[in-house]
Amino acid sequence: MVIKNQYDYIVIGAGSAGCVVANRLTEEPETTVLLLEAGKEDTKPEIQIPSECTNLPGSEVDWGYFSEPEPYLNNRKIFCPRGKVLGGSSSINFMTYIRGNYLDYNHWRELGNPGWSYLDILPYFKKSENQQRGISEYHGVDGELSVTDVISPSAISQRFVDACVTMGYDENPDFNGMQQSGAGPFQVTIKDGKRHSTAAAFLVPILKRPNLTTMTGALVTRLLFEGTCTVGVEYLHESILHQVRVNKEVILSAGAFDSPKLLMLSGIGDAKYLQAMGIPVVVDLPGVGQNLQDHICVPVPYEATQDLHSNGISQTGLFLHSEGHLDTAPDLEIIFGPILRVPPGYPNSGFGFTGIIVLTHPQNIGSISLRPAEGSSASLSSNPKDTPMIHLNYLQSQSDVQKLVDGIKLIRKLFHTSAFDEFRGREVAPGADVTSDEALVAYIREVCSTVYHPIGTCKMGTDPMAVVDPELQVHGVKGLRVVDASIMPTLITGHTNAPTIMIGEKAADLIKAALRVSQQVTFKKHIAWGEK
């Protein structure tokens, strides 16, 4: 066992939130931060090339997780990629920048989370952003993260918007502006033609700060406590086990799968479950690992009659209300790309374009649990490298299934408008002969998958199943916060990378504010002592 130096803060996970937190905390020269990342440095060339984004999931910079057999999906295991590299999933994602709907965040506030309404968090979105289109009420230009329009979009991408307008949907030039519904272009996190991950935006520029220590290949095995006070972490690096102490706080930013896993391995979780598995209980928090939510998608790919000159990036999309409830957030999204995205078992060659129907607020609620030791159901493996057990429970709701059926039908209508006449080839999947609802449901259960947006497993709130409070402090524990997508109590209407960056920004301010209060209390105590 190697005992390392002490740091003011230890950040576990250099992903979408962790890089932001490390940056903001080390703006104070006297504040020391240790940033631990289990993955590698982001030197893989394909990371920086936007058109290579489809080749990163399943590579050495991906944890390569799979769900357990899904009972409503013919017992298929669903591929759940997560970034195992500096920048986390922002280094392997499709770079789409979507914040979500203002109603999403107002709902968070209504669930008992003051400070998280849309007007509360909008300044944090703007703080991070360097918006190519310029400053506005909704956008900032002084931030580290480059947000740009797609360079040289395919001509067919605008045809998708034209088709939506033909069918009565609004044209919307900015999904992150005054309204979200309608059809328009996606913006992306790209700078100078290269992926602009949170590592590139927030970490690389500050690596020489003397108060920041960054370590890759460091797998945290457990949190260290004295009673219910967090005093450090244990991690594995180059086959050597280390312990490091923390002066102020540990910030857990390992993501929706691994943050609850590490909490449970450290004794924070449902007490009955942990006791049954032989783990000493530090704090009884039954919500740890529960409330797993994710966006569900189904592709409808078509062959194209000509080369679409695609760069592989999803370029335009549509947010809509399938049931006409305009006072709610859109419940469906269609992602459009000038590339064939074909499910397994279907031909995948030549030119093509794809509409992907996404449920923005599906009813599925899943969970994360620890993997039992091999050959045992009564004890857990002590190997920290074991993957968490992921239970997604996709399509447990019949209403979700019906919305996907309706979504496929809508994509077909869009692709058969005159806007697509010169490009449209045959429907690759499910195939033009698949028309009955029963056959479409069978297709959906066969190919339904994730949009890579897991959230909620350490949810924020004050109810009995909440894991963190509105300041992201773990209930019942001192000196420990969770700062990543796992704290989201409900799914947002869109993609999760931008909101996770926002969470990192807000968390850094919360941590700094807590430090100022602590310093003021200490100062007053010294004054009082000196006067006696």
# chains A, B, ... in the order shown; residues from 1 in each chain; ligands from 1

$ residues_around --residues "range 103-108 of chain A" --least-positions-apart "5" --cutoff "12 Å" --atoms "only C-alpha atoms" --output "MDAnalysis selection string"
chainID A and resid 113:122 179:180 326:331 360:361 456 459:462 469:470 487:494 499 502:503

$ write_last_selection --atoms "N, CA and C atoms" --output "mmCIF file, in the first residue's frame"
data_model
loop_
_atom_site.group_PDB
_atom_site.id
_atom_site.type_symbol
_atom_site.label_atom_id
_atom_site.label_comp_id
_atom_site.auth_asym_id
_atom_site.auth_seq_id
_atom_site.Cartn_x
_atom_site.Cartn_y
_atom_site.Cartn_z
ATOM 1 N N ASN A 113 -35.780 20.681 -5.872
ATOM 2 C CA ASN A 113 -34.387 21.035 -6.113
ATOM 3 C C ASN A 113 -34.256 22.520 -6.438
ATOM 4 N N PRO A 114 -34.329 23.376 -5.416
ATOM 5 C CA PRO A 114 -34.184 24.813 -5.663
ATOM 6 C C PRO A 114 -32.818 25.112 -6.265
ATOM 7 N N GLY A 115 -32.799 26.100 -7.153
ATOM 8 C CA GLY A 115 -31.548 26.469 -7.808
ATOM 9 C C GLY A 115 -31.308 25.751 -9.123
ATOM 10 N N TRP A 116 -32.254 24.893 -9.548
ATOM 11 C CA TRP A 116 -32.064 24.108 -10.768
ATOM 12 C C TRP A 116 -33.133 24.391 -11.826
ATOM 13 N N SER A 117 -33.854 25.491 -11.708
ATOM 14 C CA SER A 117 -34.795 25.856 -12.766
ATOM 15 C C SER A 117 -34.028 26.297 -14.000
ATOM 16 N N TYR A 118 -34.737 26.462 -15.103
ATOM 17 C CA TYR A 118 -34.070 26.858 -16.348
ATOM 18 C C TYR A 118 -33.353 28.200 -16.201
ATOM 19 N N LEU A 119 -34.016 29.156 -15.574
ATOM 20 C CA LEU A 119 -33.374 30.465 -15.412
ATOM 21 C C LEU A 119 -32.174 30.388 -14.477
ATOM 22 N N ASP A 120 -32.186 29.437 -13.552
ATOM 23 C CA ASP A 120 -31.048 29.248 -12.654
ATOM 24 C C ASP A 120 -29.835 28.681 -13.379
ATOM 25 N N ILE A 121 -30.079 27.743 -14.311
ATOM 26 C CA ILE A 121 -28.937 27.025 -14.914
ATOM 27 C C ILE A 121 -28.514 27.595 -16.268
ATOM 28 N N LEU A 122 -29.339 28.431 -16.879
ATOM 29 C CA LEU A 122 -28.964 29.027 -18.168
ATOM 30 C C LEU A 122 -27.611 29.742 -18.108
ATOM 31 N N GLN A 179 -37.201 28.389 -28.362
ATOM 32 C CA GLN A 179 -38.059 27.211 -28.343
ATOM 33 C C GLN A 179 -37.288 26.017 -28.875
ATOM 34 N N GLN A 180 -37.759 24.836 -28.524
ATOM 35 C CA GLN A 180 -37.062 23.627 -28.946
ATOM 36 C C GLN A 180 -37.786 22.892 -30.061
ATOM 37 N N LEU A 326 -48.792 20.870 -26.436
ATOM 38 C CA LEU A 326 -47.770 21.883 -26.637
ATOM 39 C C LEU A 326 -47.325 22.543 -25.338
ATOM 40 N N ASP A 327 -48.011 22.261 -24.235
ATOM 41 C CA ASP A 327 -47.600 22.826 -22.958
ATOM 42 C C ASP A 327 -46.622 21.919 -22.222
ATOM 43 N N THR A 328 -46.191 20.857 -22.878
ATOM 44 C CA THR A 328 -45.190 19.948 -22.324
ATOM 45 C C THR A 328 -43.964 19.953 -23.229
ATOM 46 N N ALA A 329 -42.888 19.355 -22.757
ATOM 47 C CA ALA A 329 -41.695 19.223 -23.597
ATOM 48 C C ALA A 329 -41.970 18.208 -24.702
ATOM 49 N N PRO A 330 -41.318 18.343 -25.870
ATOM 50 C CA PRO A 330 -41.498 17.360 -26.942
ATOM 51 C C PRO A 330 -41.191 15.946 -26.458
ATOM 52 N N ASP A 331 -42.023 14.995 -26.880
ATOM 53 C CA ASP A 331 -41.822 13.616 -26.439
ATOM 54 C C ASP A 331 -41.125 12.753 -27.481
ATOM 55 N N THR A 360 -37.942 10.821 -26.073
ATOM 56 C CA THR A 360 -37.235 11.736 -25.185
ATOM 57 C C THR A 360 -37.582 11.527 -23.718
ATOM 58 N N HIS A 361 -38.769 10.981 -23.462
ATOM 59 C CA HIS A 361 -39.170 10.734 -22.072
ATOM 60 C C HIS A 361 -39.824 9.353 -21.953
ATOM 61 N N GLY A 456 -29.510 9.409 -13.810
ATOM 62 C CA GLY A 456 -30.464 9.231 -12.724
ATOM 63 C C GLY A 456 -30.107 8.308 -11.587
ATOM 64 N N LYS A 459 -29.695 10.150 -8.033
ATOM 65 C CA LYS A 459 -30.541 11.302 -8.329
ATOM 66 C C LYS A 459 -30.536 12.354 -7.224
ATOM 67 N N MET A 460 -30.734 13.575 -7.669
ATOM 68 C CA MET A 460 -30.787 14.738 -6.794
ATOM 69 C C MET A 460 -32.202 14.915 -6.246
ATOM 70 N N GLY A 461 -32.286 15.272 -4.971
ATOM 71 C CA GLY A 461 -33.588 15.525 -4.381
ATOM 72 C C GLY A 461 -33.560 15.404 -2.871
ATOM 73 N N THR A 462 -34.750 15.447 -2.283
ATOM 74 C CA THR A 462 -34.884 15.341 -0.831
ATOM 75 C C THR A 462 -35.822 14.211 -0.424
ATOM 76 N N ASP A 469 -28.273 15.909 -2.364
ATOM 77 C CA ASP A 469 -29.161 17.043 -2.147
ATOM 78 C C ASP A 469 -29.001 18.045 -3.289
ATOM 79 N N PRO A 470 -29.756 19.145 -3.294
ATOM 80 C CA PRO A 470 -29.648 20.096 -4.406
ATOM 81 C C PRO A 470 -28.277 20.752 -4.563
ATOM 82 N N ILE A 487 -26.864 12.460 -11.382
ATOM 83 C CA ILE A 487 -27.655 13.239 -10.418
ATOM 84 C C ILE A 487 -28.967 13.740 -11.023
ATOM 85 N N MET A 488 -29.129 13.651 -12.338
ATOM 86 C CA MET A 488 -30.362 14.121 -12.960
ATOM 87 C C MET A 488 -31.545 13.306 -12.447
ATOM 88 N N PRO A 489 -32.560 13.948 -11.877
ATOM 89 C CA PRO A 489 -33.703 13.176 -11.370
ATOM 90 C C PRO A 489 -34.580 12.615 -12.477
ATOM 91 N N THR A 490 -34.641 13.332 -13.623
ATOM 92 C CA THR A 490 -35.414 12.871 -14.777
ATOM 93 C C THR A 490 -34.645 13.199 -16.046
ATOM 94 N N LEU A 491 -34.997 12.508 -17.116
ATOM 95 C CA LEU A 491 -34.349 12.741 -18.406
ATOM 96 C C LEU A 491 -34.685 14.121 -18.947
ATOM 97 N N ILE A 492 -33.719 14.689 -19.659
ATOM 98 C CA ILE A 492 -33.969 15.950 -20.344
ATOM 99 C C ILE A 492 -34.360 15.652 -21.801
ATOM 100 N N THR A 493 -34.970 16.630 -22.437
ATOM 101 C CA THR A 493 -35.462 16.474 -23.808
ATOM 102 C C THR A 493 -34.333 16.816 -24.777
ATOM 103 N N GLY A 494 -33.485 15.865 -25.013
ATOM 104 C CA GLY A 494 -32.343 16.120 -25.887
ATOM 105 C C GLY A 494 -31.187 15.237 -25.498
ATOM 106 N N PRO A 499 -25.861 19.225 -20.879
ATOM 107 C CA PRO A 499 -26.310 19.347 -19.491
ATOM 108 C C PRO A 499 -25.301 18.849 -18.467
ATOM 109 N N MET A 502 -22.876 21.538 -17.934
ATOM 110 C CA MET A 502 -23.534 22.541 -17.094
ATOM 111 C C MET A 502 -23.506 22.130 -15.625
ATOM 112 N N ILE A 503 -23.755 20.860 -15.354
ATOM 113 C CA ILE A 503 -23.729 20.361 -13.977
ATOM 114 C C ILE A 503 -22.342 20.564 -13.374
#

$ residues_around --residues "Ile268 in chain A" --least-positions-apart "2" --cutoff "7 Å" --atoms "only C-alpha atoms" --output "list in words"
Leu263, Met264, Ser266, Val281, Val282, Val283, Asp284 and Leu285 of chain A

$ write_last_selection --atoms "C-alpha atoms" --output "mmCIF file, in the first residue's frame"
data_model
loop_
_atom_site.group_PDB
_atom_site.id
_atom_site.type_symbol
_atom_site.label_atom_id
_atom_site.label_comp_id
_atom_site.auth_asym_id
_atom_site.auth_seq_id
_atom_site.Cartn_x
_atom_site.Cartn_y
_atom_site.Cartn_z
ATOM 1 C CA LEU A 263 -20.678 4.230 -3.859
ATOM 2 C CA MET A 264 -21.993 0.714 -3.254
ATOM 3 C CA SER A 266 -17.649 1.828 -0.555
ATOM 4 C CA VAL A 281 -22.558 -0.157 5.545
ATOM 5 C CA VAL A 282 -21.425 3.447 5.894
ATOM 6 C CA VAL A 283 -24.746 5.115 5.017
ATOM 7 C CA ASP A 284 -28.103 3.547 4.166
ATOM 8 C CA LEU A 285 -29.196 5.175 0.875
#

$ closest_residue --among "A:Thr148, A:Thr230, A:Thr305, A:Asn247" --to "Asn5 in chain A" --atoms "only C-alpha atoms"
A:Asn247

$ select_by_dssp --residues "range 113-342 of chain A" --states "strand (DSSP E)" --output "number ranges by chain"
A: 129-131, 145-149, 182-185, 187-188, 190-191, 194-195, 212-216, 218-226, 229-237, 240-252, 268-269, 283-284, 296-304, 316-320, 332-337

$ residues_around --residues "range 411-426 of chain A" --least-positions-apart "4" --cutoff "10 Å" --atoms "only C-alpha atoms" --output "JSON list (two decimals) with N, CA and C atoms, in the first residue's frame"
[["chain", "number", "residue", "atom", "x", "y", "z"],
["A", 156, "ILE", "N", -28.70, 16.89, -48.52],
["A", 156, "ILE", "CA", -29.91, 16.16, -48.13],
["A", 156, "ILE", "C", -30.36, 16.52, -46.71],
["A", 158, "GLN", "N", -30.67, 19.52, -45.42],
["A", 158, "GLN", "CA", -31.66, 20.58, -45.52],
["A", 158, "GLN", "C", -32.95, 20.05, -46.11],
["A", 159, "ARG", "N", -32.87, 19.03, -46.96],
["A", 159, "ARG", "CA", -34.09, 18.43, -47.50],
["A", 159, "ARG", "C", -34.94, 17.82, -46.39],
["A", 160, "PHE", "N", -34.27, 17.30, -45.35],
["A", 160, "PHE", "CA", -35.04, 16.78, -44.21],
["A", 160, "PHE", "C", -35.84, 17.90, -43.55],
["A", 161, "VAL", "N", -35.21, 19.05, -43.35],
["A", 161, "VAL", "CA", -35.92, 20.19, -42.77],
["A", 161, "VAL", "C", -37.06, 20.62, -43.68],
["A", 162, "ASP", "N", -36.81, 20.65, -44.99],
["A", 162, "ASP", "CA", -37.86, 21.02, -45.95],
["A", 162, "ASP", "C", -39.05, 20.07, -45.86],
["A", 163, "ALA", "N", -38.74, 18.77, -45.71],
["A", 163, "ALA", "CA", -39.82, 17.78, -45.61],
["A", 163, "ALA", "C", -40.65, 18.01, -44.36],
["A", 164, "CYS", "N", -39.99, 18.33, -43.26],
["A", 164, "CYS", "CA", -40.71, 18.59, -42.01],
["A", 164, "CYS", "C", -41.62, 19.81, -42.15],
["A", 165, "VAL", "N", -41.12, 20.86, -42.78],
["A", 165, "VAL", "CA", -41.93, 22.06, -42.98],
["A", 165, "VAL", "C", -43.12, 21.75, -43.87],
["A", 166, "THR", "N", -42.91, 20.95, -44.90],
["A", 166, "THR", "CA", -43.99, 20.54, -45.79],
["A", 166, "THR", "C", -45.10, 19.85, -45.02],
["A", 167, "MET", "N", -44.72, 19.10, -43.98],
["A", 167, "MET", "CA", -45.70, 18.36, -43.19],
["A", 167, "MET", "C", -46.26, 19.18, -42.03],
["A", 299, "PRO", "N", -33.74, 2.91, -35.59],
["A", 299, "PRO", "CA", -33.36, 3.51, -36.87],
["A", 299, "PRO", "C", -34.26, 3.08, -38.02],
["A", 300, "VAL", "N", -34.44, 3.98, -38.98],
["A", 300, "VAL", "CA", -35.13, 3.66, -40.24],
["A", 300, "VAL", "C", -34.21, 4.13, -41.37],
["A", 301, "PRO", "N", -33.34, 3.24, -41.87],
["A", 301, "PRO", "CA", -32.38, 3.63, -42.91],
["A", 301, "PRO", "C", -32.92, 3.38, -44.32],
["A", 302, "TYR", "N", -32.55, 4.28, -45.22],
["A", 302, "TYR", "CA", -32.91, 4.18, -46.64],
["A", 302, "TYR", "C", -31.63, 4.23, -47.48],
["A", 303, "GLU", "N", -31.62, 3.46, -48.56],
["A", 303, "GLU", "CA", -30.55, 3.62, -49.54],
["A", 303, "GLU", "C", -30.73, 4.95, -50.27],
["A", 304, "ALA", "N", -29.62, 5.54, -50.73],
["A", 304, "ALA", "CA", -29.66, 6.77, -51.50],
["A", 304, "ALA", "C", -29.26, 6.49, -52.94],
["A", 305, "THR", "N", -29.78, 7.29, -53.82],
["A", 305, "THR", "CA", -29.50, 7.09, -55.25],
["A", 305, "THR", "C", -28.18, 7.71, -55.68],
["A", 306, "GLN", "N", -27.51, 8.41, -54.77],
["A", 306, "GLN", "CA", -26.25, 9.09, -55.12],
["A", 306, "GLN", "C", -25.40, 9.28, -53.87],
["A", 307, "ASP", "N", -24.16, 9.62, -54.09],
["A", 307, "ASP", "CA", -23.24, 9.89, -52.99],
["A", 307, "ASP", "C", -23.70, 11.16, -52.26],
["A", 308, "LEU", "N", -23.88, 11.06, -50.95],
["A", 308, "LEU", "CA", -24.37, 12.19, -50.17],
["A", 308, "LEU", "C", -23.24, 12.99, -49.53],
["A", 334, "ILE", "N", -36.47, 13.18, -33.86],
["A", 334, "ILE", "CA", -35.94, 12.44, -35.01],
["A", 334, "ILE", "C", -34.56, 12.99, -35.32],
["A", 336, "PHE", "N", -31.55, 13.00, -37.90],
["A", 336, "PHE", "CA", -31.34, 12.68, -39.31],
["A", 336, "PHE", "C", -29.86, 12.79, -39.66],
["A", 351, "PHE", "N", -24.49, 4.07, -50.48],
["A", 351, "PHE", "CA", -24.89, 5.37, -49.95],
["A", 351, "PHE", "C", -26.26, 5.25, -49.28],
["A", 352, "GLY", "N", -26.52, 6.14, -48.34],
["A", 352, "GLY", "CA", -27.82, 6.09, -47.68],
["A", 352, "GLY", "C", -28.02, 7.23, -46.72],
["A", 353, "PHE", "N", -29.22, 7.28, -46.15],
["A", 353, "PHE", "CA", -29.56, 8.24, -45.12],
["A", 353, "PHE", "C", -30.47, 7.56, -44.12],
["A", 354, "THR", "N", -30.50, 8.09, -42.90],
["A", 354, "THR", "CA", -31.21, 7.41, -41.82],
["A", 354, "THR", "C", -31.98, 8.41, -40.96],
["A", 355, "GLY", "N", -33.19, 8.04, -40.63],
["A", 355, "GLY", "CA", -33.94, 8.74, -39.60],
["A", 355, "GLY", "C", -33.99, 7.86, -38.36],
["A", 356, "ILE", "N", -33.64, 8.41, -37.24],
["A", 356, "ILE", "CA", -33.65, 7.66, -35.97],
["A", 356, "ILE", "C", -34.72, 8.27, -35.07],
["A", 357, "ILE", "N", -35.71, 7.47, -34.73],
["A", 357, "ILE", "CA", -36.77, 7.96, -33.85],
["A", 357, "ILE", "C", -36.33, 7.73, -32.40],
["A", 406, "ASP", "N", -45.50, 4.74, -34.12],
["A", 406, "ASP", "CA", -45.95, 5.97, -34.77],
["A", 406, "ASP", "C", -44.76, 6.76, -35.33],
["A", 407, "GLY", "N", -43.63, 6.69, -34.63],
["A", 407, "GLY", "CA", -42.44, 7.39, -35.10],
["A", 407, "GLY", "C", -41.90, 6.82, -36.40],
["A", 431, "GLY", "N", -38.01, -2.32, -43.78],
["A", 431, "GLY", "CA", -38.37, -2.80, -45.12],
["A", 431, "GLY", "C", -39.77, -2.40, -45.49],
["A", 432, "ALA", "N", -39.96, -2.02, -46.75],
["A", 432, "ALA", "CA", -41.26, -1.49, -47.19],
["A", 432, "ALA", "C", -42.40, -2.47, -47.01]]

$ closest_residue --among "A:Glu471, A:Glu110, A:Asp386, A:Glu27" --to "Leu219 in chain A" --atoms "only C-alpha atoms"
A:Asp386
